[in-house]
Amino acid sequence: MTSMIKIALTDDYDGLVPFFIENELEFSEDEPPVTEEIISCWKIDEESFEEDGTPAGSRIIGGFVLAKRQGEYICDGVAIDPEYRMFGYGEELLKRGLEEVKSLGGSRMFLVARAPGFFAKFGFVPVPREDAPEFFECLTCPQYGVDCHPEVMRKDL
């Protein structure tokens, strides 16, 4: 069996939410989606093929959501399956999101980072929560302050 990795835009935000939850992002299936704020979504699929080339299935191994809140662009979710985290897929999704913001005339992107060191490598800097749009929903998450210590970050473009 062989496999191929495919990165593509997707309209299936709802299909990404279970993947984000599996990867411990603060999404809740009980919360209504914020689809009116979503600009674009990308997903990374691993597609498997039998030796004769017949498709054998696919699974999501990465996702990214770009949204806009209070006039600011935000990364509203980015995750990579742990098995694939050292292959540059997170960087690729982040790069695509930043390029989209630039193409739309945006001058910066905000995010809430569970892994601030990763985002700092790409020029994101910590900012006070009050200097960012209202998207810091971590305070209601049971992981907040226990095993998750996120930072609000921003990158100027």
# chains A, B, ... in the order shown; residues from 1 in each chain; ligands from 1
>>> residues_around(residues="Arg59 in chain A", least_positions_apart="6", cutoff="7 Å", atoms="only C-alpha atoms", output="tab-separated table (two decimals) with N, CA, C and O atoms, in the first residue's frame")
chain	number	residue	atom	x	y	z
A	45	ASP	N	-4.80	15.80	3.86
A	45	ASP	CA	-5.24	14.41	3.86
A	45	ASP	C	-4.08	13.50	3.52
A	45	ASP	O	-3.24	13.84	2.68
A	46	GLU	N	-4.06	12.35	4.17
A	46	GLU	CA	-3.19	11.27	3.74
A	46	GLU	C	-4.10	10.31	2.98
A	46	GLU	O	-5.02	9.73	3.56
A	47	GLU	N	-3.86	10.17	1.70
A	47	GLU	CA	-4.66	9.29	0.85
A	47	GLU	C	-3.87	8.01	0.61
A	47	GLU	O	-2.72	8.06	0.21
>>> select_by_dssp(residues="chain A", states="strand (DSSP E or B)", output="VMD selection string")
chain A and resid 2 to 10 38 to 49 55 to 69 72 to 80 108 to 113 125 to 126 144 148 151 to 156
>>> residues_around(residues="Trp42 in chain A", least_positions_apart="5", cutoff="9 Å", atoms="only C-alpha atoms", output="list in words")
Ile7, Ala8, Leu9, Thr10, Asp11, Tyr13, Leu16, Gly62, Gly63, Phe64, Val65, Leu66, Leu93, Arg96 and Gly97 of chain A
>>> residues_around(residues="range 111-115 of chain A", least_positions_apart="6", cutoff="6 Å", atoms="only C-alpha atoms", output="count of residues only")
6
>>> select_by_dssp(residues="chain A", states="helix (DSSP H, G or I)", output="PyMOL selection string")
chain A and resi 13-22+35-37+82-84+89-103+116-120+129-131+138-140
>>> residues_around(residues="Thr2 in chain A", least_positions_apart="4", cutoff="12 Å", atoms="only C-alpha atoms", output="PDB file with all heavy atoms, in the first residue's frame")
ATOM      1  N   GLU A  46      -4.060  12.353   4.167  1.00  0.00           N
ATOM      2  CA  GLU A  46      -3.191  11.267   3.742  1.00  0.00           C
ATOM      3  C   GLU A  46      -4.096  10.307   2.984  1.00  0.00           C
ATOM      4  O   GLU A  46      -5.022   9.733   3.564  1.00  0.00           O
ATOM      5  CB  GLU A  46      -2.549  10.558   4.921  1.00  0.00           C
ATOM      6  CG  GLU A  46      -1.694   9.383   4.482  1.00  0.00           C
ATOM      7  CD  GLU A  46      -1.188   8.558   5.639  1.00  0.00           C
ATOM      8  OE1 GLU A  46      -1.983   8.264   6.552  1.00  0.00           O
ATOM      9  OE2 GLU A  46      -0.008   8.205   5.611  1.00  0.00           O
ATOM     10  N   GLU A  47      -3.858  10.174   1.698  1.00  0.00           N
ATOM     11  CA  GLU A  47      -4.657   9.293   0.852  1.00  0.00           C
ATOM     12  C   GLU A  47      -3.873   8.012   0.605  1.00  0.00           C
ATOM     13  O   GLU A  47      -2.715   8.064   0.207  1.00  0.00           O
ATOM     14  CB  GLU A  47      -5.005   9.991  -0.462  1.00  0.00           C
ATOM     15  CG  GLU A  47      -5.828  11.247  -0.249  1.00  0.00           C
ATOM     16  CD  GLU A  47      -6.148  11.992  -1.533  1.00  0.00           C
ATOM     17  OE1 GLU A  47      -5.551  11.678  -2.584  1.00  0.00           O
ATOM     18  OE2 GLU A  47      -6.982  12.901  -1.465  1.00  0.00           O
ATOM     19  N   SER A  48      -4.516   6.861   0.872  1.00  0.00           N
ATOM     20  CA  SER A  48      -3.865   5.556   0.701  1.00  0.00           C
ATOM     21  C   SER A  48      -4.365   4.884  -0.572  1.00  0.00           C
ATOM     22  O   SER A  48      -5.526   5.036  -0.954  1.00  0.00           O
ATOM     23  CB  SER A  48      -4.178   4.664   1.906  1.00  0.00           C
ATOM     24  OG  SER A  48      -3.693   5.255   3.080  1.00  0.00           O
ATOM     25  N   PHE A  49      -3.448   4.121  -1.190  1.00  0.00           N
ATOM     26  CA  PHE A  49      -3.756   3.426  -2.440  1.00  0.00           C
ATOM     27  C   PHE A  49      -3.236   1.992  -2.369  1.00  0.00           C
ATOM     28  O   PHE A  49      -2.162   1.737  -1.809  1.00  0.00           O
ATOM     29  CB  PHE A  49      -3.095   4.132  -3.631  1.00  0.00           C
ATOM     30  CG  PHE A  49      -3.541   5.550  -3.808  1.00  0.00           C
ATOM     31  CD1 PHE A  49      -2.875   6.588  -3.178  1.00  0.00           C
ATOM     32  CD2 PHE A  49      -4.649   5.838  -4.597  1.00  0.00           C
ATOM     33  CE1 PHE A  49      -3.300   7.900  -3.335  1.00  0.00           C
ATOM     34  CE2 PHE A  49      -5.075   7.141  -4.758  1.00  0.00           C
ATOM     35  CZ  PHE A  49      -4.400   8.176  -4.123  1.00  0.00           C
ATOM     36  N   GLU A  50      -4.009   1.084  -2.950  1.00  0.00           N
ATOM     37  CA  GLU A  50      -3.560  -0.301  -3.100  1.00  0.00           C
ATOM     38  C   GLU A  50      -2.417  -0.307  -4.118  1.00  0.00           C
ATOM     39  O   GLU A  50      -2.203   0.661  -4.834  1.00  0.00           O
ATOM     40  CB  GLU A  50      -4.718  -1.177  -3.601  1.00  0.00           C
ATOM     41  CG  GLU A  50      -5.929  -1.206  -2.690  1.00  0.00           C
ATOM     42  CD  GLU A  50      -5.681  -1.872  -1.352  1.00  0.00           C
ATOM     43  OE1 GLU A  50      -4.683  -2.623  -1.223  1.00  0.00           O
ATOM     44  OE2 GLU A  50      -6.468  -1.637  -0.427  1.00  0.00           O
ATOM     45  N   GLU A  51      -1.698  -1.409  -4.185  1.00  0.00           N
ATOM     46  CA  GLU A  51      -0.565  -1.521  -5.121  1.00  0.00           C
ATOM     47  C   GLU A  51      -0.993  -1.314  -6.570  1.00  0.00           C
ATOM     48  O   GLU A  51      -0.213  -0.818  -7.384  1.00  0.00           O
ATOM     49  CB  GLU A  51       0.122  -2.875  -4.958  1.00  0.00           C
ATOM     50  CG  GLU A  51       0.812  -3.051  -3.612  1.00  0.00           C
ATOM     51  CD  GLU A  51       1.828  -1.958  -3.299  1.00  0.00           C
ATOM     52  OE1 GLU A  51       2.566  -1.511  -4.203  1.00  0.00           O
ATOM     53  OE2 GLU A  51       1.882  -1.539  -2.129  1.00  0.00           O
ATOM     54  N   ASP A  52      -2.256  -1.633  -6.892  1.00  0.00           N
ATOM     55  CA  ASP A  52      -2.720  -1.445  -8.268  1.00  0.00           C
ATOM     56  C   ASP A  52      -3.242  -0.030  -8.530  1.00  0.00           C
ATOM     57  O   ASP A  52      -3.752   0.267  -9.602  1.00  0.00           O
ATOM     58  CB  ASP A  52      -3.799  -2.474  -8.620  1.00  0.00           C
ATOM     59  CG  ASP A  52      -5.081  -2.288  -7.808  1.00  0.00           C
ATOM     60  OD1 ASP A  52      -5.155  -1.359  -6.966  1.00  0.00           O
ATOM     61  OD2 ASP A  52      -6.018  -3.078  -8.022  1.00  0.00           O
ATOM     62  N   GLY A  53      -3.109   0.853  -7.546  1.00  0.00           N
ATOM     63  CA  GLY A  53      -3.545   2.242  -7.702  1.00  0.00           C
ATOM     64  C   GLY A  53      -4.965   2.520  -7.254  1.00  0.00           C
ATOM     65  O   GLY A  53      -5.406   3.662  -7.271  1.00  0.00           O
ATOM     66  N   THR A  54      -5.688   1.504  -6.825  1.00  0.00           N
ATOM     67  CA  THR A  54      -7.063   1.670  -6.356  1.00  0.00           C
ATOM     68  C   THR A  54      -7.066   2.438  -5.037  1.00  0.00           C
ATOM     69  O   THR A  54      -6.316   2.078  -4.114  1.00  0.00           O
ATOM     70  CB  THR A  54      -7.731   0.291  -6.139  1.00  0.00           C
ATOM     71  OG1 THR A  54      -7.624  -0.462  -7.343  1.00  0.00           O
ATOM     72  CG2 THR A  54      -9.178   0.449  -5.715  1.00  0.00           C
ATOM     73  N   PRO A  55      -7.881   3.491  -4.907  1.00  0.00           N
ATOM     74  CA  PRO A  55      -7.951   4.216  -3.633  1.00  0.00           C
ATOM     75  C   PRO A  55      -8.373   3.292  -2.489  1.00  0.00           C
ATOM     76  O   PRO A  55      -9.272   2.466  -2.642  1.00  0.00           O
ATOM     77  CB  PRO A  55      -9.016   5.278  -3.887  1.00  0.00           C
ATOM     78  CG  PRO A  55      -9.043   5.447  -5.373  1.00  0.00           C
ATOM     79  CD  PRO A  55      -8.729   4.092  -5.936  1.00  0.00           C
ATOM     80  N   ALA A  56      -7.686   3.426  -1.352  1.00  0.00           N
ATOM     81  CA  ALA A  56      -7.974   2.580  -0.196  1.00  0.00           C
ATOM     82  C   ALA A  56      -8.495   3.391   0.986  1.00  0.00           C
ATOM     83  O   ALA A  56      -8.744   2.840   2.042  1.00  0.00           O
ATOM     84  CB  ALA A  56      -6.722   1.816   0.212  1.00  0.00           C
ATOM     85  N   GLY A  57      -8.638   4.701   0.825  1.00  0.00           N
ATOM     86  CA  GLY A  57      -9.165   5.533   1.903  1.00  0.00           C
ATOM     87  C   GLY A  57      -8.296   6.743   2.159  1.00  0.00           C
ATOM     88  O   GLY A  57      -7.212   6.885   1.599  1.00  0.00           O
ATOM     89  N   SER A  58      -8.794   7.607   3.001  1.00  0.00           N
ATOM     90  CA  SER A  58      -8.027   8.801   3.374  1.00  0.00           C
ATOM     91  C   SER A  58      -8.368   9.187   4.800  1.00  0.00           C
ATOM     92  O   SER A  58      -9.393   8.786   5.336  1.00  0.00           O
ATOM     93  CB  SER A  58      -8.306   9.957   2.417  1.00  0.00           C
ATOM     94  OG  SER A  58      -9.613  10.438   2.588  1.00  0.00           O
TER      95      SER A  58
END
>>> atom_distance(atom1="CA of Leu157 in chain A", atom2="CA of Val101 in chain A")
8.7 Å
>>> atom_distance(atom1="CA of Tyr73 in chain A", atom2="CA of Tyr89 in chain A")
20.8 Å
>>> closest_residue(among="A:Ile44, A:Ala132, A:Leu98, A:Val125", to="Asp81 in chain A", atoms="only C-alpha atoms")
A:Ile44
>>> closest_residue(among="A:Arg154, A:Ala79, A:Asp131, A:Ser3", to="Glu92 in chain A", atoms="only C-alpha atoms")
A:Ala79
>>> atom_distance(atom1="CA of Met4 in chain A", atom2="CA of Glu83 in chain A")
14.9 Å
>>> residues_around(residues="Gln70 in chain A", least_positions_apart="2", cutoff="8 Å", atoms="only C-alpha atoms", output="JSON list (two decimals) with N, CA, C and O atoms, in the first residue's frame")
[["chain", "number", "residue", "atom", "x", "y", "z"],
["A", 68, "LYS", "N", -12.06, 35.94, 10.75],
["A", 68, "LYS", "CA", -11.95, 37.38, 10.99],
["A", 68, "LYS", "C", -12.92, 37.73, 12.11],
["A", 68, "LYS", "O", -14.10, 37.37, 12.07],
["A", 72, "GLU", "N", -10.18, 41.91, 12.57],
["A", 72, "GLU", "CA", -8.82, 41.37, 12.60],
["A", 72, "GLU", "C", -8.82, 39.93, 12.10],
["A", 72, "GLU", "O", -9.73, 39.16, 12.38],
["A", 133, "PRO", "N", -8.34, 40.95, 19.38],
["A", 133, "PRO", "CA", -9.80, 40.83, 19.26],
["A", 133, "PRO", "C", -10.33, 39.78, 20.24],
["A", 133, "PRO", "O", -9.57, 38.96, 20.74],
["A", 134, "GLU", "N", -11.61, 39.81, 20.50],
["A", 134, "GLU", "CA", -12.24, 38.87, 21.43],
["A", 134, "GLU", "C", -12.32, 37.48, 20.79],
["A", 134, "GLU", "O", -13.26, 37.18, 20.08]]
>>> closest_residue(among="A:Gly71, A:Gly77, A:Pro126, A:Gly90", to="Gly106 in chain A", atoms="only C-alpha atoms")
A:Gly71
>>> decode(residues="range 57-88 of chain A", atoms="N, CA and C atoms", output="PDB file, in the first residue's frame")
ATOM      1  N   GLY A  57      -8.638   4.701   0.825  1.00  0.00           N
ATOM      2  CA  GLY A  57      -9.165   5.533   1.903  1.00  0.00           C
ATOM      3  C   GLY A  57      -8.296   6.743   2.159  1.00  0.00           C
ATOM      4  N   SER A  58      -8.794   7.607   3.001  1.00  0.00           N
ATOM      5  CA  SER A  58      -8.027   8.801   3.374  1.00  0.00           C
ATOM      6  C   SER A  58      -8.368   9.187   4.800  1.00  0.00           C
ATOM      7  N   ARG A  59      -7.480   9.971   5.387  1.00  0.00           N
ATOM      8  CA  ARG A  59      -7.727  10.503   6.725  1.00  0.00           C
ATOM      9  C   ARG A  59      -7.098  11.885   6.831  1.00  0.00           C
ATOM     10  N   ILE A  60      -7.711  12.728   7.629  1.00  0.00           N
ATOM     11  CA  ILE A  60      -7.190  14.072   7.855  1.00  0.00           C
ATOM     12  C   ILE A  60      -5.993  13.970   8.787  1.00  0.00           C
ATOM     13  N   ILE A  61      -4.892  14.627   8.400  1.00  0.00           N
ATOM     14  CA  ILE A  61      -3.717  14.671   9.267  1.00  0.00           C
ATOM     15  C   ILE A  61      -3.341  16.110   9.638  1.00  0.00           C
ATOM     16  N   GLY A  62      -4.084  17.100   9.095  1.00  0.00           N
ATOM     17  CA  GLY A  62      -3.806  18.485   9.433  1.00  0.00           C
ATOM     18  C   GLY A  62      -4.945  19.390   9.037  1.00  0.00           C
ATOM     19  N   GLY A  63      -5.058  20.514   9.732  1.00  0.00           N
ATOM     20  CA  GLY A  63      -6.098  21.480   9.403  1.00  0.00           C
ATOM     21  C   GLY A  63      -5.741  22.873   9.879  1.00  0.00           C
ATOM     22  N   PHE A  64      -6.319  23.853   9.216  1.00  0.00           N
ATOM     23  CA  PHE A  64      -6.085  25.270   9.531  1.00  0.00           C
ATOM     24  C   PHE A  64      -7.344  26.046   9.191  1.00  0.00           C
ATOM     25  N   VAL A  65      -7.730  26.953  10.075  1.00  0.00           N
ATOM     26  CA  VAL A  65      -8.895  27.812   9.849  1.00  0.00           C
ATOM     27  C   VAL A  65      -8.471  29.265   9.997  1.00  0.00           C
ATOM     28  N   LEU A  66      -8.738  30.060   8.968  1.00  0.00           N
ATOM     29  CA  LEU A  66      -8.518  31.499   9.002  1.00  0.00           C
ATOM     30  C   LEU A  66      -9.877  32.160   9.161  1.00  0.00           C
ATOM     31  N   ALA A  67      -9.985  33.033  10.152  1.00  0.00           N
ATOM     32  CA  ALA A  67     -11.248  33.716  10.414  1.00  0.00           C
ATOM     33  C   ALA A  67     -10.980  35.199  10.616  1.00  0.00           C
ATOM     34  N   LYS A  68     -12.059  35.944  10.750  1.00  0.00           N
ATOM     35  CA  LYS A  68     -11.949  37.383  10.994  1.00  0.00           C
ATOM     36  C   LYS A  68     -12.919  37.730  12.112  1.00  0.00           C
ATOM     37  N   ARG A  69     -12.405  38.395  13.116  1.00  0.00           N
ATOM     38  CA  ARG A  69     -13.231  38.845  14.231  1.00  0.00           C
ATOM     39  C   ARG A  69     -12.848  40.280  14.568  1.00  0.00           C
ATOM     40  N   GLN A  70     -13.861  41.085  14.751  1.00  0.00           N
ATOM     41  CA  GLN A  70     -13.664  42.501  15.092  1.00  0.00           C
ATOM     42  C   GLN A  70     -12.676  43.175  14.141  1.00  0.00           C
ATOM     43  N   GLY A  71     -12.770  42.812  12.865  1.00  0.00           N
ATOM     44  CA  GLY A  71     -11.937  43.436  11.849  1.00  0.00           C
ATOM     45  C   GLY A  71     -10.512  42.922  11.788  1.00  0.00           C
ATOM     46  N   GLU A  72     -10.176  41.908  12.573  1.00  0.00           N
ATOM     47  CA  GLU A  72      -8.817  41.369  12.596  1.00  0.00           C
ATOM     48  C   GLU A  72      -8.820  39.927  12.100  1.00  0.00           C
ATOM     49  N   TYR A  73      -7.749  39.550  11.398  1.00  0.00           N
ATOM     50  CA  TYR A  73      -7.597  38.174  10.937  1.00  0.00           C
ATOM     51  C   TYR A  73      -7.002  37.343  12.068  1.00  0.00           C
ATOM     52  N   ILE A  74      -7.550  36.157  12.235  1.00  0.00           N
ATOM     53  CA  ILE A  74      -7.042  35.267  13.276  1.00  0.00           C
ATOM     54  C   ILE A  74      -6.890  33.849  12.729  1.00  0.00           C
ATOM     55  N   CYS A  75      -5.907  33.160  13.250  1.00  0.00           N
ATOM     56  CA  CYS A  75      -5.814  31.721  13.043  1.00  0.00           C
ATOM     57  C   CYS A  75      -6.752  31.134  14.086  1.00  0.00           C
ATOM     58  N   ASP A  76      -7.879  30.596  13.636  1.00  0.00           N
ATOM     59  CA  ASP A  76      -8.895  30.111  14.570  1.00  0.00           C
ATOM     60  C   ASP A  76      -8.731  28.627  14.862  1.00  0.00           C
ATOM     61  N   GLY A  77      -7.685  28.032  14.358  1.00  0.00           N
ATOM     62  CA  GLY A  77      -7.376  26.641  14.642  1.00  0.00           C
ATOM     63  C   GLY A  77      -6.322  26.136  13.692  1.00  0.00           C
ATOM     64  N   VAL A  78      -5.318  25.477  14.252  1.00  0.00           N
ATOM     65  CA  VAL A  78      -4.317  24.803  13.439  1.00  0.00           C
ATOM     66  C   VAL A  78      -3.862  23.581  14.232  1.00  0.00           C
ATOM     67  N   ALA A  79      -3.843  22.439  13.562  1.00  0.00           N
ATOM     68  CA  ALA A  79      -3.406  21.209  14.223  1.00  0.00           C
ATOM     69  C   ALA A  79      -2.840  20.261  13.180  1.00  0.00           C
ATOM     70  N   ILE A  80      -1.869  19.487  13.628  1.00  0.00           N
ATOM     71  CA  ILE A  80      -1.264  18.437  12.811  1.00  0.00           C
ATOM     72  C   ILE A  80      -1.286  17.168  13.657  1.00  0.00           C
ATOM     73  N   ASP A  81      -1.653  16.047  13.042  1.00  0.00           N
ATOM     74  CA  ASP A  81      -1.618  14.757  13.718  1.00  0.00           C
ATOM     75  C   ASP A  81      -0.215  14.563  14.302  1.00  0.00           C
ATOM     76  N   PRO A  82      -0.112  14.104  15.560  1.00  0.00           N
ATOM     77  CA  PRO A  82       1.216  13.961  16.185  1.00  0.00           C
ATOM     78  C   PRO A  82       2.223  13.169  15.360  1.00  0.00           C
ATOM     79  N   GLU A  83       1.775  12.187  14.629  1.00  0.00           N
ATOM     80  CA  GLU A  83       2.653  11.353  13.809  1.00  0.00           C
ATOM     81  C   GLU A  83       3.329  12.148  12.685  1.00  0.00           C
ATOM     82  N   TYR A  84       2.759  13.311  12.330  1.00  0.00           N
ATOM     83  CA  TYR A  84       3.238  14.089  11.183  1.00  0.00           C
ATOM     84  C   TYR A  84       3.787  15.462  11.559  1.00  0.00           C
ATOM     85  N   ARG A  85       4.026  15.701  12.831  1.00  0.00           N
ATOM     86  CA  ARG A  85       4.403  17.047  13.275  1.00  0.00           C
ATOM     87  C   ARG A  85       5.815  17.472  12.919  1.00  0.00           C
ATOM     88  N   MET A  86       6.676  16.611  12.550  1.00  0.00           N
ATOM     89  CA  MET A  86       8.064  17.005  12.267  1.00  0.00           C
ATOM     90  C   MET A  86       8.368  17.086  10.770  1.00  0.00           C
ATOM     91  N   PHE A  87       7.326  17.211   9.945  1.00  0.00           N
ATOM     92  CA  PHE A  87       7.519  17.212   8.494  1.00  0.00           C
ATOM     93  C   PHE A  87       7.258  18.572   7.848  1.00  0.00           C
ATOM     94  N   GLY A  88       7.033  19.616   8.647  1.00  0.00           N
ATOM     95  CA  GLY A  88       6.829  20.955   8.100  1.00  0.00           C
ATOM     96  C   GLY A  88       5.406  21.268   7.680  1.00  0.00           C
TER      97      GLY A  88
END
